[in-house]
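Printed here is final_35.tsv (TSV, C-alpha atoms):
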```
chain	number	residue	atom	x	y	z
A	957	MET	CA	0.00	0.00	0.00
A	958	THR	CA	1.36	3.39	-0.99
A	959	THR	CA	1.61	6.35	1.34
A	960	VAL	CA	-1.26	8.77	0.89
A	961	THR	CA	-1.28	12.42	1.95
A	962	THR	CA	-4.58	14.17	2.67
A	963	ARG	CA	-5.65	17.70	3.39
A	964	THR	CA	-8.79	19.75	3.66
A	965	VAL	CA	-9.38	22.36	0.97
A	966	GLU	CA	-11.82	25.27	1.18
A	967	TYR	CA	-13.23	27.00	-1.88
A	968	PRO	CA	-16.31	29.07	-2.80
A	969	ALA	CA	-19.27	27.60	-4.68
A	970	ASP	CA	-23.05	28.08	-4.75
A	971	GLY	CA	-22.78	30.96	-2.31
A	972	LEU	CA	-21.09	28.75	0.30
A	973	THR	CA	-17.61	27.94	1.50
A	974	MET	CA	-17.14	24.34	0.43
A	975	VAL	CA	-14.86	22.01	2.38
A	976	GLY	CA	-13.40	19.26	0.21
A	977	HIS	CA	-11.09	16.35	0.98
A	978	LEU	CA	-7.98	16.07	-1.22
A	979	ALA	CA	-6.01	12.82	-1.28
A	980	LEU	CA	-2.59	12.64	-2.94
A	981	PRO	CA	-0.72	9.48	-3.95
A	982	ALA	CA	2.86	8.82	-3.00
A	983	GLY	CA	5.60	10.50	-5.01
A	984	THR	CA	6.08	13.94	-6.43
A	985	GLY	CA	5.15	13.70	-10.09
A	986	ARG	CA	1.88	14.51	-11.80
A	987	ARG	CA	-0.81	11.84	-11.77
A	988	PRO	CA	-4.23	11.34	-13.32
A	989	ALA	CA	-6.99	12.76	-11.16
A	990	VAL	CA	-10.54	11.96	-10.09
A	991	LEU	CA	-13.26	14.36	-9.02
A	992	LEU	CA	-15.41	12.41	-6.57
A	993	GLY	CA	-18.95	13.51	-5.69
A	994	PRO	CA	-21.08	12.40	-2.72
A	995	GLU	CA	-24.73	11.42	-2.28
A	996	GLY	CA	-27.25	14.14	-1.49
A	997	MET	CA	-26.53	14.09	2.25
A	998	GLY	CA	-23.12	15.54	1.50
A	999	LEU	CA	-19.48	14.74	2.03
A	1000	SER	CA	-18.85	12.12	4.72
A	1001	ASP	CA	-16.13	9.75	5.84
A	1002	VAL	CA	-17.40	7.26	3.24
A	1003	GLU	CA	-16.34	9.51	0.37
A	1004	ARG	CA	-13.19	10.62	2.17
A	1005	ARG	CA	-12.12	6.99	2.48
A	1006	ARG	CA	-12.96	6.33	-1.17
A	1007	ALA	CA	-10.79	9.26	-2.16
A	1008	GLU	CA	-7.93	7.81	-0.14
A	1009	VAL	CA	-8.35	4.38	-1.74
A	1010	LEU	CA	-8.20	5.98	-5.18
A	1011	ALA	CA	-5.06	7.83	-4.12
A	1012	GLU	CA	-3.57	4.49	-3.06
A	1013	LEU	CA	-4.23	3.35	-6.64
A	1014	GLY	CA	-2.30	6.36	-7.93
A	1015	TYR	CA	-4.99	8.99	-8.53
A	1016	VAL	CA	-5.01	12.53	-7.19
A	1017	THR	CA	-8.57	12.64	-5.83
A	1018	LEU	CA	-10.77	15.45	-4.61
A	1019	ALA	CA	-13.94	14.42	-2.77
A	1020	PHE	CA	-16.00	17.56	-3.21
A	1021	ASP	CA	-18.54	19.20	-0.95
A	1022	LEU	CA	-22.21	19.97	-1.63
A	1023	HIS	CA	-23.42	21.87	1.42
A	1024	GLY	CA	-20.73	24.20	2.73
A	1025	GLY	CA	-19.12	21.73	5.10
A	1026	ARG	CA	-22.41	20.31	6.39
A	1027	TYR	CA	-23.73	16.75	6.28
A	1028	LEU	CA	-27.53	16.79	5.94
A	1029	GLY	CA	-28.65	13.70	7.83
A	1030	GLU	CA	-32.29	14.74	8.10
A	1031	PRO	CA	-34.13	13.69	4.90
A	1032	GLU	CA	-36.37	16.77	4.88
A	1033	GLU	CA	-33.42	19.14	5.07
A	1034	MET	CA	-31.51	17.20	2.43
A	1035	LEU	CA	-34.46	17.20	0.02
A	1036	ALA	CA	-35.11	20.90	0.60
A	1037	ARG	CA	-31.61	21.67	-0.65
A	1038	CYS	CA	-31.06	18.91	-3.22
A	1039	LEU	CA	-34.34	18.93	-5.14
A	1040	PRO	CA	-33.98	22.56	-6.27
A	1041	LEU	CA	-30.32	21.91	-6.99
A	1042	LEU	CA	-31.12	18.90	-9.19
A	1043	ASP	CA	-33.62	21.03	-11.10
A	1044	ASP	CA	-30.99	23.68	-11.84
A	1045	PRO	CA	-28.23	22.49	-14.20
A	1046	GLY	CA	-26.46	25.84	-13.92
A	1047	ARG	CA	-26.08	25.50	-10.15
A	1048	MET	CA	-24.89	21.90	-10.47
A	1049	ARG	CA	-22.35	22.92	-13.07
A	1050	GLY	CA	-21.18	25.78	-10.88
A	1051	ILE	CA	-20.54	23.42	-7.97
A	1052	GLY	CA	-18.76	20.98	-10.27
A	1053	HIS	CA	-16.61	23.60	-11.98
A	1054	ALA	CA	-15.55	25.13	-8.66
A	1055	ALA	CA	-14.33	21.76	-7.41
A	1056	LEU	CA	-12.73	20.96	-10.75
A	1057	ASP	CA	-10.79	24.22	-10.62
A	1058	VAL	CA	-9.38	23.22	-7.23
A	1059	LEU	CA	-8.39	19.80	-8.54
A	1060	ARG	CA	-6.75	21.23	-11.66
A	1061	ALA	CA	-4.82	23.76	-9.58
A	1062	GLU	CA	-3.22	21.01	-7.50
A	1063	PRO	CA	0.41	20.70	-8.73
A	1064	ARG	CA	0.23	16.88	-8.58
A	1065	THR	CA	-2.72	16.79	-11.00
A	1066	ASP	CA	-2.25	16.10	-14.68
A	1067	PRO	CA	-4.87	18.61	-15.92
A	1068	ASP	CA	-5.34	16.71	-19.18
A	1069	ARG	CA	-6.23	13.44	-17.44
A	1070	ILE	CA	-9.23	13.89	-15.16
A	1071	ALA	CA	-12.32	11.76	-14.60
A	1072	ALA	CA	-15.50	12.58	-12.65
A	1073	VAL	CA	-17.25	9.95	-10.55
A	1074	GLY	CA	-20.23	10.62	-8.33
A	1075	TYR	CA	-23.02	9.10	-6.30
A	1076	GLY	CA	-26.59	10.44	-6.32
A	1077	THR	CA	-26.41	14.23	-6.48
A	1078	GLY	CA	-22.64	14.01	-6.94
A	1079	GLY	CA	-23.17	11.74	-9.94
A	1080	ALA	CA	-25.67	14.18	-11.42
A	1081	ILE	CA	-23.05	16.91	-11.12
A	1082	ALA	CA	-20.49	14.71	-12.89
A	1083	LEU	CA	-22.94	14.26	-15.77
A	1084	GLU	CA	-23.62	18.00	-15.95
A	1085	LEU	CA	-19.92	18.68	-16.33
A	1086	GLY	CA	-19.94	16.33	-19.31
A	1087	ARG	CA	-23.02	18.00	-20.78
A	1088	ASP	CA	-21.22	21.31	-20.36
A	1089	GLY	CA	-18.45	20.07	-22.64
A	1090	VAL	CA	-15.74	19.66	-20.01
A	1091	ASP	CA	-12.75	17.67	-21.24
A	1092	LEU	CA	-12.95	14.57	-19.04
A	1093	ARG	CA	-11.52	11.11	-19.65
A	1094	ALA	CA	-14.48	9.29	-18.06
A	1095	ILE	CA	-17.72	9.90	-16.18
A	1096	GLY	CA	-19.16	7.45	-13.67
A	1097	THR	CA	-22.49	7.86	-11.90
A	1098	VAL	CA	-24.16	5.61	-9.33
A	1099	ASN	CA	-27.81	6.35	-8.46
A	1100	GLY	CA	-27.51	9.65	-10.31
A	1101	LEU	CA	-29.38	9.20	-13.57
A	1102	THR	CA	-30.46	12.59	-14.84
A	1103	THR	CA	-31.37	13.84	-18.27
A	1104	GLY	CA	-30.33	17.10	-19.87
A	1105	ARG	CA	-31.70	19.52	-22.36
A	1106	PRO	CA	-31.99	18.41	-26.01
A	1107	ASP	CA	-28.67	17.82	-27.77
A	1108	GLU	CA	-26.54	18.45	-24.65
A	1109	ALA	CA	-25.43	14.83	-24.45
A	1110	ALA	CA	-23.64	15.34	-27.77
A	1111	ARG	CA	-21.22	17.58	-25.86
A	1112	ILE	CA	-20.06	14.67	-23.68
A	1113	ARG	CA	-16.54	13.87	-24.87
A	1114	CYS	CA	-15.75	10.69	-22.92
A	1115	PRO	CA	-17.16	7.28	-22.00
A	1116	VAL	CA	-20.01	7.27	-19.48
A	1117	TRP	CA	-20.67	4.42	-17.06
A	1118	ALA	CA	-23.84	4.34	-14.95
A	1119	GLY	CA	-25.04	1.98	-12.25
A	1120	VAL	CA	-28.38	1.70	-10.48
A	1121	GLY	CA	-30.24	-0.76	-8.26
A	1122	SER	CA	-33.10	-2.62	-9.89
A	1123	GLU	CA	-35.40	-1.79	-6.95
A	1124	ASP	CA	-34.45	1.87	-6.67
A	1125	PRO	CA	-37.77	3.77	-6.61
A	1126	ILE	CA	-36.02	7.11	-7.09
A	1127	MET	CA	-34.27	5.95	-10.27
A	1128	ALA	CA	-37.36	4.16	-11.61
A	1129	PRO	CA	-37.49	2.41	-15.02
A	1130	ALA	CA	-38.87	5.47	-16.81
A	1131	ARG	CA	-35.95	7.56	-15.62
A	1132	ARG	CA	-33.47	4.85	-16.61
A	1133	ASP	CA	-35.01	4.67	-20.08
A	1134	ALA	CA	-34.86	8.44	-20.52
A	1135	PHE	CA	-31.21	8.48	-19.49
A	1136	THR	CA	-30.16	5.70	-21.85
A	1137	ALA	CA	-32.18	7.23	-24.69
A	1138	GLU	CA	-30.38	10.54	-24.19
A	1139	MET	CA	-26.97	8.88	-24.17
A	1140	GLU	CA	-27.79	6.95	-27.34
A	1141	ALA	CA	-29.22	9.98	-29.13
A	1142	GLY	CA	-26.12	11.97	-28.23
A	1143	GLY	CA	-23.76	9.38	-29.67
A	1144	VAL	CA	-22.12	8.85	-26.28
A	1145	ASP	CA	-19.91	5.85	-25.55
A	1146	TRP	CA	-22.08	4.64	-22.66
A	1147	ARG	CA	-22.74	1.56	-20.59
A	1148	PHE	CA	-25.37	0.88	-17.97
A	1149	VAL	CA	-25.42	-1.69	-15.16
A	1150	VAL	CA	-28.51	-2.66	-13.18
A	1151	TYR	CA	-27.71	-4.39	-9.88
A	1152	GLY	CA	-30.46	-6.91	-9.16
A	1153	GLY	CA	-32.40	-6.50	-5.93
A	1154	ALA	CA	-30.57	-3.32	-4.88
A	1155	LEU	CA	-32.25	-0.16	-3.58
A	1156	HIS	CA	-31.21	3.49	-3.85
A	1157	ALA	CA	-27.81	4.27	-2.30
A	1158	PHE	CA	-27.08	0.53	-2.20
A	1159	HIS	CA	-23.37	1.36	-2.24
A	1160	HIS	CA	-23.46	3.38	1.01
A	1161	PRO	CA	-22.89	1.58	4.33
A	1162	PRO	CA	-25.73	1.88	6.88
A	1163	VAL	CA	-26.09	5.26	8.61
A	1164	ASP	CA	-27.29	6.11	12.11
A	1165	HIS	CA	-30.04	8.48	11.02
A	1166	THR	CA	-33.40	8.29	9.26
A	1167	VAL	CA	-33.28	7.57	5.54
A	1168	LEU	CA	-35.85	7.89	2.79
A	1169	PRO	CA	-38.02	4.91	1.83
A	1170	GLY	CA	-36.36	2.81	-0.84
A	1171	VAL	CA	-32.84	3.42	0.47
A	1172	GLY	CA	-30.73	0.51	1.66
A	1173	TYR	CA	-27.26	-1.00	1.67
A	1174	HIS	CA	-26.43	-4.04	-0.45
A	1175	PRO	CA	-22.89	-5.12	0.50
A	1176	ARG	CA	-22.34	-7.51	-2.40
A	1177	HIS	CA	-23.45	-5.04	-5.05
A	1178	ALA	CA	-21.60	-2.22	-3.28
A	1179	GLN	CA	-18.37	-4.15	-3.82
A	1180	ARG	CA	-19.29	-4.89	-7.43
A	1181	ALA	CA	-20.12	-1.27	-8.18
A	1182	TRP	CA	-16.82	-0.15	-6.69
A	1183	ARG	CA	-14.94	-2.65	-8.85
A	1184	ASP	CA	-16.84	-1.36	-11.88
A	1185	VAL	CA	-15.78	2.20	-11.06
A	1186	VAL	CA	-12.15	1.16	-10.63
A	1187	ASP	CA	-12.28	-0.78	-13.90
A	1188	LEU	CA	-13.68	2.29	-15.68
A	1189	LEU	CA	-10.75	4.36	-14.41
A	1190	ALA	CA	-8.23	1.66	-15.30
A	1191	GLU	CA	-9.56	1.59	-18.86
A	1192	CYS	CA	-9.98	5.31	-19.47
A	1193	LEU	CA	-7.46	6.82	-17.08
A	1194	PRO	CA	-4.66	4.31	-16.50
A	1195	VAL	CA	-1.98	5.11	-13.97
A	1196	THR	CA	1.50	4.90	-15.47
A	1197	ALA	CA	4.79	4.87	-13.61
```

As a first step, turn the structure in this file into structure tokens.
Amino acid sequence: MTTVTTRTVEYPADGLTMVGHLALPAGTGRRPAVLLGPEGMGLSDVERRRAEVLAELGYVTLAFDLHGGRYLGEPEEMLARCLPLLDDPGRMRGIGHAALDVLRAEPRTDPDRIAAVGYGTGGAIALELGRDGVDLRAIGTVNGLTTGRPDEAARIRCPVWAGVGSEDPIMAPARRDAFTAEMEAGGVDWRFVVYGGALHAFHHPPVDHTVLPGVGYHPRHAQRAWRDVVDLLAECLPVTA
């Protein structure tokens, strides 16, 4: 296991002071980088640890913030912030670009080799960066299937991987169909995985607060989805010595 260095980074976005978690791999040279987005509750130790695991694999990784350093464990509070955000592509793009600027400014980052991976709201933000024409090497989204305005998918310049639980009531079949139709119409290099029997946020370990109906952890599929994300990065953003 390589030595990983971490630090907290603060930056402005969406009228807030965001507090991200930057993880750097061992060494001094430039490395490919990953922008990592959290579920709607916000940045937690789950995403911080994922960032550190990606850094162990050789990626400069920034786990970005959604709520100005807050974790919204109450579903009502989370929905009150996230639903308007998800309906506003400009705000999502602003949050994504602000975090991306921080990642690109890191001296260890190879600015020409960046991927965006996100979960839930964080995955929707990753997709919006692609729809905004950002030069990314890959986009991965788990539980974050959103659709854009007509013809925006044609601006996505990299492969897109998406994963969702078959029993996720939030990402219901109609939403999945709309997402895949948009990717196909836009000529995107896309792939889609449905994890049988899994609910929304199936990748996230159990939490000690109330969750929305239809949310639940599926440890086997959580491991599979993580391997799928790592495989996407290995294919599209390989780490070289």

If you take only C-alpha atoms and a cut-off of 8 Å, which residues of region 1013-1122 of chain A touch region 960-968 of chain A, and what are their nearest atom pairs and distances in Å to one decimal, in chain and number order, as JSON lines?
```
{"residue": "A:Ala1054", "atom": "CA", "partner": "A:Pro968", "partner_atom": "CA", "distance": 7.1}
{"residue": "A:Ala1055", "atom": "CA", "partner": "A:Tyr967", "partner_atom": "CA", "distance": 7.7}
{"residue": "A:Val1058", "atom": "CA", "partner": "A:Tyr967", "partner_atom": "CA", "distance": 7.6}
```

Would you mind exporting C-alpha atoms of the selected residues as a compact mmCIF listing (two decimals), in the frame of the given file?
```txt
# COMPACT_ATOMS: atom_id res chain seq x y z
CA ALA A 1054 -15.55 25.13 -8.66
CA ALA A 1055 -14.33 21.76 -7.41
CA VAL A 1058 -9.38 23.22 -7.23
```

As a ChimeraX atom specification, please: the residues near region 1078-1083 of chain A (cut-off 10 Å, only C-alpha atoms, same-chain neighbours under 3 positions excluded).
/A:991-999,1019-1022,1041-1042,1045-1053,1071-1075,1086-1088,1090,1092,1094-1104,1109,1112,1116,1118

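Distance-wise, CA of Ala1134 (chain A) and CA of Leu1188 (chain A) end up 22.6 Å apart.
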
May I have the residues within 6 Å of Pro981 (chain A) as a list in words, using all atoms listed in the file and disregarding those fewer than 3 positions away in the same chain?
Val960, Ala1011, Glu1012 and Gly1014 of chain A

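Residues with any atom within 10 Å of Met1127 (chain A), counting only C-alpha atoms and excluding same-chain neighbours fewer than 4 positions away, are Gly1076, Asn1099, Gly1100, Leu1101, Thr1102, Val1120, Gly1121, Ser1122, Glu1123, Arg1131, Arg1132, Asp1133, Leu1155 and His1156 of chain A.
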
Ala1190 (chain A) surroundings by only C-alpha atoms, 12 Å radius, close-in-sequence under 2 positions cut, as a VMD selection string
chain A and resid 988 to 990 1010 1013 to 1015 1071 1093 to 1094 1183 to 1188 1192 to 1196
